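Next up, work-v7.cif (mmCIF, C-alpha atoms):
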data_input
loop_
_atom_site.group_PDB
_atom_site.id
_atom_site.type_symbol
_atom_site.label_atom_id
_atom_site.label_comp_id
_atom_site.auth_asym_id
_atom_site.auth_seq_id
_atom_site.Cartn_x
_atom_site.Cartn_y
_atom_site.Cartn_z
ATOM 1 C CA MET A 272 -209.577 174.779 90.029
ATOM 2 C CA GLY A 273 -209.296 172.455 86.999
ATOM 3 C CA PRO A 274 -211.734 169.811 85.771
ATOM 4 C CA VAL A 275 -212.588 166.964 88.097
ATOM 5 C CA THR A 276 -210.817 163.743 87.181
ATOM 6 C CA PRO A 277 -213.167 160.791 87.563
ATOM 7 C CA VAL A 278 -212.127 158.019 89.906
ATOM 8 C CA VAL A 279 -211.647 154.811 87.949
ATOM 9 C CA THR A 280 -211.588 151.557 89.870
ATOM 10 C CA SER A 281 -209.582 148.498 88.893
ATOM 11 C CA ARG A 282 -212.928 146.743 88.290
ATOM 12 C CA GLU A 283 -213.938 149.439 85.781
ATOM 13 C CA VAL A 284 -210.568 149.129 84.041
ATOM 14 C CA ALA A 285 -211.054 145.346 83.788
ATOM 15 C CA VAL A 286 -214.572 145.775 82.348
ATOM 16 C CA LEU A 287 -213.402 148.294 79.762
ATOM 17 C CA ASP A 288 -210.361 146.159 78.873
ATOM 18 C CA ALA A 289 -212.647 143.155 78.276
ATOM 19 C CA VAL A 290 -214.939 145.152 75.972
ATOM 20 C CA ILE A 291 -212.042 146.661 74.023
ATOM 21 C CA SER A 292 -210.424 143.241 73.702
ATOM 22 C CA TRP A 293 -213.739 141.831 72.364
ATOM 23 C CA SER A 294 -213.831 144.645 69.831
ATOM 24 C CA GLU A 295 -210.222 144.151 68.729
ATOM 25 C CA GLN A 296 -210.396 140.347 68.588
ATOM 26 C CA PHE A 297 -213.900 139.919 67.151
ATOM 27 C CA ILE A 298 -215.825 143.034 66.084
ATOM 28 C CA GLU A 299 -212.895 144.571 64.189
ATOM 29 C CA GLN A 300 -211.751 141.349 62.489
ATOM 30 C CA PRO A 301 -212.616 140.423 58.881
ATOM 31 C CA HIS A 302 -215.172 137.631 58.557
ATOM 32 C CA GLU A 303 -216.348 135.682 55.533
ATOM 33 C CA VAL A 304 -220.005 136.145 56.524
ATOM 34 C CA PHE A 305 -219.559 139.883 55.925
ATOM 35 C CA GLY A 306 -217.821 139.507 52.587
ATOM 36 C CA GLY A 307 -214.378 139.601 54.175
ATOM 37 C CA LEU A 308 -215.153 142.850 56.002
ATOM 38 C CA PRO A 309 -215.081 143.147 59.799
ATOM 39 C CA VAL A 310 -218.245 142.484 61.803
ATOM 40 C CA CYS A 311 -218.327 146.285 62.191
ATOM 41 C CA PRO A 312 -216.182 147.875 59.486
ATOM 42 C CA PHE A 313 -216.107 151.183 61.373
ATOM 43 C CA ALA A 314 -215.267 150.065 64.936
ATOM 44 C CA ARG A 315 -211.474 150.033 64.600
ATOM 45 C CA ALA A 316 -211.264 153.530 63.127
ATOM 46 C CA ALA A 317 -213.629 154.906 65.781
ATOM 47 C CA ARG A 318 -211.614 153.252 68.557
ATOM 48 C CA LEU A 319 -208.304 154.509 67.203
ATOM 49 C CA LYS A 320 -209.678 158.039 66.665
ATOM 50 C CA GLN A 321 -211.081 157.845 70.221
ATOM 51 C CA THR A 322 -214.574 158.855 69.067
ATOM 52 C CA ILE A 323 -216.269 156.261 71.281
ATOM 53 C CA ARG A 324 -217.340 157.509 74.689
ATOM 54 C CA PHE A 325 -217.198 154.538 77.048
ATOM 55 C CA GLU A 326 -219.177 154.668 80.282
ATOM 56 C CA ILE A 327 -219.091 151.874 82.850
ATOM 57 C CA ARG A 328 -222.117 152.213 85.085
ATOM 58 C CA PRO A 329 -224.741 149.985 86.646
ATOM 59 C CA PHE A 330 -227.968 151.252 85.087
ATOM 60 C CA ALA A 331 -231.376 149.990 86.192
ATOM 61 C CA LEU A 332 -232.882 147.930 83.392
ATOM 62 C CA ASP A 333 -236.347 148.766 84.697
ATOM 63 C CA ALA A 334 -235.636 152.509 84.834
ATOM 64 C CA PRO A 335 -238.545 154.610 83.587
ATOM 65 C CA LEU A 336 -236.070 156.705 81.539
ATOM 66 C CA ALA A 337 -237.518 159.995 82.663
ATOM 67 C CA LEU A 338 -236.478 162.876 80.423
ATOM 68 C CA ASP A 339 -234.724 164.486 83.403
ATOM 69 C CA GLY A 340 -233.205 161.186 84.590
ATOM 70 C CA GLY A 341 -229.588 160.094 84.543
ATOM 71 C CA ILE A 342 -229.576 158.033 81.349
ATOM 72 C CA MET A 343 -231.378 160.698 79.312
ATOM 73 C CA ALA A 344 -229.039 163.376 80.720
ATOM 74 C CA LEU A 345 -226.083 161.208 79.669
ATOM 75 C CA VAL A 346 -227.506 160.814 76.146
ATOM 76 C CA ARG A 347 -228.153 164.577 75.893
ATOM 77 C CA GLU A 348 -224.578 165.300 76.964
ATOM 78 C CA PHE A 349 -223.330 162.795 74.376
ATOM 79 C CA ALA A 350 -225.578 164.384 71.703
ATOM 80 C CA ASP A 351 -223.926 167.746 72.387
ATOM 81 C CA GLN A 352 -220.499 166.109 72.127
ATOM 82 C CA ALA A 353 -221.501 164.364 68.883
ATOM 83 C CA ALA A 354 -222.719 167.676 67.432
ATOM 84 C CA SER A 355 -219.313 169.164 68.286
ATOM 85 C CA GLY A 356 -217.526 166.276 66.576
ATOM 86 C CA ILE A 357 -215.964 164.977 69.788
ATOM 87 C CA PHE A 358 -217.668 161.560 69.854
ATOM 88 C CA GLU A 359 -219.577 159.369 67.391
ATOM 89 C CA THR A 360 -220.705 156.601 69.719
ATOM 90 C CA LEU A 361 -221.886 156.391 73.314
ATOM 91 C CA PHE A 362 -221.092 152.911 74.677
ATOM 92 C CA VAL A 363 -222.612 152.312 78.123
ATOM 93 C CA ILE A 364 -221.462 149.098 79.791
ATOM 94 C CA HIS A 365 -223.212 147.489 82.762
ATOM 95 C CA PRO A 366 -220.522 145.856 84.931
ATOM 96 C CA ASP A 367 -222.817 142.988 86.041
ATOM 97 C CA THR A 368 -222.886 140.125 83.519
ATOM 98 C CA GLN A 369 -225.903 138.624 85.296
ATOM 99 C CA GLN A 370 -228.334 141.219 83.921
ATOM 100 C CA ALA A 371 -231.034 139.380 81.967
ATOM 101 C CA LEU A 372 -231.113 139.708 78.181
ATOM 102 C CA PRO A 373 -234.919 140.193 77.980
ATOM 103 C CA ASP A 374 -234.635 143.055 80.485
ATOM 104 C CA LEU A 375 -231.855 144.708 78.441
ATOM 105 C CA LEU A 376 -233.865 144.309 75.223
ATOM 106 C CA ALA A 377 -236.895 145.917 76.903
ATOM 107 C CA PHE A 378 -234.693 148.717 78.250
ATOM 108 C CA VAL A 379 -233.251 149.495 74.799
ATOM 109 C CA SER A 380 -236.726 149.395 73.260
ATOM 110 C CA ARG A 381 -237.976 151.903 75.860
ATOM 111 C CA LEU A 382 -234.869 154.022 75.335
ATOM 112 C CA ASN A 383 -235.452 154.115 71.573
ATOM 113 C CA SER A 384 -239.079 155.110 72.146
ATOM 114 C CA ARG A 385 -237.963 157.850 74.532
ATOM 115 C CA LEU A 386 -235.353 159.088 72.063
ATOM 116 C CA ALA A 387 -237.846 159.089 69.178
ATOM 117 C CA GLY A 388 -240.302 161.201 71.173
ATOM 118 C CA SER A 389 -237.790 163.830 72.271
ATOM 119 C CA GLU A 390 -235.272 166.330 70.963
ATOM 120 C CA LEU A 391 -232.936 163.315 70.634
ATOM 121 C CA SER A 392 -234.956 161.713 67.824
ATOM 122 C CA GLU A 393 -231.912 161.596 65.512
ATOM 123 C CA PHE A 394 -230.286 158.994 67.776
ATOM 124 C CA GLN A 395 -230.793 155.251 68.000
ATOM 125 C CA ALA A 396 -229.714 152.693 70.586
ATOM 126 C CA PHE A 397 -228.576 149.090 70.132
ATOM 127 C CA GLU A 398 -227.836 146.427 72.704
ATOM 128 C CA ALA A 399 -225.075 143.895 73.226
ATOM 129 C CA HIS A 400 -225.179 141.116 75.816
ATOM 130 C CA PRO A 401 -223.281 137.904 76.670
ATOM 131 C CA GLY A 402 -226.405 135.911 75.743
ATOM 132 C CA SER A 403 -227.499 137.908 72.694
ATOM 133 C CA ASP A 404 -229.244 135.882 70.019
ATOM 134 C CA PHE A 405 -228.711 138.530 67.303
ATOM 135 C CA CYS A 406 -227.182 136.381 64.591
ATOM 136 C CA VAL A 407 -226.074 137.038 61.014
ATOM 137 C CA GLY A 408 -225.174 133.956 58.974
ATOM 138 C CA GLY A 409 -224.394 131.959 62.119
ATOM 139 C CA VAL A 410 -222.289 134.722 63.692
ATOM 140 C CA TYR A 411 -223.575 136.139 66.994
ATOM 141 C CA THR A 412 -222.439 139.710 66.435
ATOM 142 C CA ARG A 413 -223.769 141.196 69.675
ATOM 143 C CA ARG A 414 -222.444 138.628 72.161
ATOM 144 C CA SER A 415 -220.346 140.964 74.229
ATOM 145 C CA PRO A 416 -218.573 140.225 77.514
ATOM 146 C CA TYR A 417 -220.931 142.602 79.410
ATOM 147 C CA PRO A 418 -224.482 143.889 78.931
ATOM 148 C CA SER A 419 -224.384 147.259 77.210
ATOM 149 C CA PHE A 420 -226.104 149.683 74.929
ATOM 150 C CA GLN A 421 -224.668 151.923 72.260
ATOM 151 C CA VAL A 422 -226.158 155.175 70.977
ATOM 152 C CA LEU A 423 -225.345 156.590 67.530
ATOM 153 C CA SER A 424 -226.895 159.204 65.283
ATOM 154 C CA GLN A 425 -229.166 157.845 62.566
ATOM 155 C CA ARG A 426 -227.352 160.139 60.124
ATOM 156 C CA LEU A 427 -224.030 158.421 60.885
ATOM 157 C CA LEU A 428 -225.682 154.987 60.696
ATOM 158 C CA LYS A 429 -227.161 155.791 57.267
ATOM 159 C CA LYS A 430 -223.900 157.228 55.948
ATOM 160 C CA SER A 431 -221.994 154.170 57.180
ATOM 161 C CA SER A 432 -224.493 151.632 55.860
ATOM 162 C CA ASP A 433 -224.727 153.473 52.515
ATOM 163 C CA SER A 434 -220.968 153.099 52.099
ATOM 164 C CA LEU A 435 -221.424 149.309 52.243
ATOM 165 C CA LEU A 436 -224.296 148.988 49.750
ATOM 166 C CA ASP A 437 -222.060 147.954 46.844
ATOM 167 C CA SER A 438 -220.197 145.409 48.958
ATOM 168 C CA PRO A 439 -221.230 141.869 49.980
ATOM 169 C CA TYR A 440 -221.510 143.021 53.615
ATOM 170 C CA TYR A 441 -225.314 142.739 53.863
ATOM 171 C CA SER A 442 -225.721 139.545 51.806
ATOM 172 C CA ARG A 443 -226.485 137.331 54.838
ATOM 173 C CA PHE A 444 -228.765 139.777 56.644
ATOM 174 C CA SER A 445 -232.403 138.685 56.932
ATOM 175 C CA THR A 446 -235.171 140.982 55.742
ATOM 176 C CA GLU A 447 -235.910 141.841 59.387
ATOM 177 C CA MET A 448 -232.265 142.730 60.060
ATOM 178 C CA LEU A 449 -232.112 144.903 56.944
ATOM 179 C CA ARG A 450 -235.226 146.756 58.115
ATOM 180 C CA ALA A 451 -233.552 147.291 61.495
ATOM 181 C CA VAL A 452 -230.674 149.102 59.776
ATOM 182 C CA GLY A 453 -233.043 151.177 57.633
ATOM 183 C CA MET A 454 -233.148 149.178 54.427
ATOM 184 C CA PRO A 455 -234.492 149.222 51.894
ATOM 185 C CA ARG A 456 -234.014 152.946 51.631
ATOM 186 C CA ARG A 457 -237.194 154.933 51.234
#

Any chance you could give the structure as structure tokens?
Amino acid sequence: MGPVTPVVTSREVAVLDAVISWSEQFIEQPHEVFGGLPVCPFARAARLKQTIRFEIRPFALDAPLALDGGIMALVREFADQAASGIFETLFVIHPDTQQALPDLLAFVSRLNSRLAGSELSEFQAFEAHPGSDFCVGGVYTRRSPYPSFQVLSQRLLKKSSDSLLDSPYYSRFSTEMLRAVGMPRR
């Protein structure tokens, strides 16, 4: 018997199509605020190389994130795939746009704490939400069509951000935003 093919509903296809369209039409497009570079200079290549693992699932924003729970198991599975070079990013999309931004922010904060205190400490999570107030130079970079979180290795984040140090990409980032992406370097 071969591998089980997951059942994908038309609703899940629509959610994923909306997120990919947002990436193609906004995240991957050059913008003057980022020195003419895309909002995320690496998103297009990752999408085209298919190194983003997309998951559409309703996750409980008040979940305790137990180490043996579903979200942590998903992140561990992704970590194994990242170590094998299969994926670079885990992108988990909640299909309900009505999830509250403060609840998602608290969830991602708890997830980062859980990651930092486990064998997954090399990974970091970020959120995106239709109502996100994360703003760089007047551009709301994390206003996505659906609530979501992304998980990436800190090694990949550092390598990627280091490649932009001699560009104008970070010129409009606040001190707080620079700290969030690990700058200044220690």

Calculated over all atoms listed in the file, which of the candidates A:Phe297, A:Tyr411, A:Tyr440, A:Phe420 has the smallest distance to Phe330 (chain A)?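 Using all atoms listed in the file, Phe330 (chain A) sits closest to A:Phe420.
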
Find the residue from A:Val346, A:Ala396, A:Val379, A:Ile323 that sits nearest to Gln421 (chain A); use all atoms listed in the file when measuring.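 Among A:Val346, A:Ala396, A:Val379, A:Ile323, it is A:Ala396 that comes nearest to Gln421 (chain A).
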
Long-range neighbours of Glu348 (chain A) as a ChimeraX atom specification, 12 Å cut-off, all atoms listed in the file, 2 positions minimum in chain: /A:324,341-346,350-355,357-358,360-361,391,422

Do you have the CA of Thr368 (chain A)-CA of Tyr417 (chain A) distance handy?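 Going from CA of Thr368 (chain A) over to CA of Tyr417 (chain A) covers 5.2 Å.
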
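Close contacts of Asp288 (chain A), defined as residues with an atom at most 12 Å away when counting all atoms listed in the file, with chain neighbours fewer than 4 positions off set aside, comprise Ser281, Arg282, Glu283, Val284, Ser292, Trp293, Ser294, Glu295, Gln296, Phe325, Ile327, Ile364, Pro366, Pro416 and Tyr417 of chain A.
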
Picked residues, the PyMOL selection byres ((chain A and resi 431) around 12), as a list in words: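 Written out, the selection comes to Cys311, Pro312, Phe313, Ala314, Glu359, Leu423, Ser424, Gln425, Arg426, Leu427, Leu428, Lys429, Lys430, Ser432, Asp433, Ser434, Leu435, Leu436, Tyr440, Val452 and Gly453 of chain A.
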
Residues of the last selection are to be written out with C-alpha atoms, as a short mmCIF file (atom, residue, chain, number, x, y, z; two decimals), in the coordinates of the input.
data_model
loop_
_atom_site.label_atom_id
_atom_site.label_comp_id
_atom_site.auth_asym_id
_atom_site.auth_seq_id
_atom_site.Cartn_x
_atom_site.Cartn_y
_atom_site.Cartn_z
CA CYS A 311 -218.33 146.28 62.19
CA PRO A 312 -216.18 147.88 59.49
CA PHE A 313 -216.11 151.18 61.37
CA ALA A 314 -215.27 150.06 64.94
CA GLU A 359 -219.58 159.37 67.39
CA LEU A 423 -225.34 156.59 67.53
CA SER A 424 -226.90 159.20 65.28
CA GLN A 425 -229.17 157.84 62.57
CA ARG A 426 -227.35 160.14 60.12
CA LEU A 427 -224.03 158.42 60.88
CA LEU A 428 -225.68 154.99 60.70
CA LYS A 429 -227.16 155.79 57.27
CA LYS A 430 -223.90 157.23 55.95
CA SER A 432 -224.49 151.63 55.86
CA ASP A 433 -224.73 153.47 52.52
CA SER A 434 -220.97 153.10 52.10
CA LEU A 435 -221.42 149.31 52.24
CA LEU A 436 -224.30 148.99 49.75
CA TYR A 440 -221.51 143.02 53.62
CA VAL A 452 -230.67 149.10 59.78
CA GLY A 453 -233.04 151.18 57.63
#

Picked residues, the PyMOL selection byres ((chain A and resi 335) around 12), as a list in words: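 Matching residues under the PyMOL selection byres ((chain A and resi 335) around 12) are Phe330, Ala331, Leu332, Asp333, Ala334, Leu336, Ala337, Leu338, Asp339, Gly340, Gly341, Ile342, Met343, Ala377, Phe378, Val379, Ser380, Arg381, Leu382, Ser384 and Arg385 of chain A.
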
Have a look at CA of Leu308 (chain A) and CA of His365 (chain A) and let me know their distance in Å, one decimal. 28.3 Å

Closest of A:Ala399, A:Val304, A:Ala387, A:Val407 to Ser438 (chain A), counting all atoms listed in the file, is A:Val304
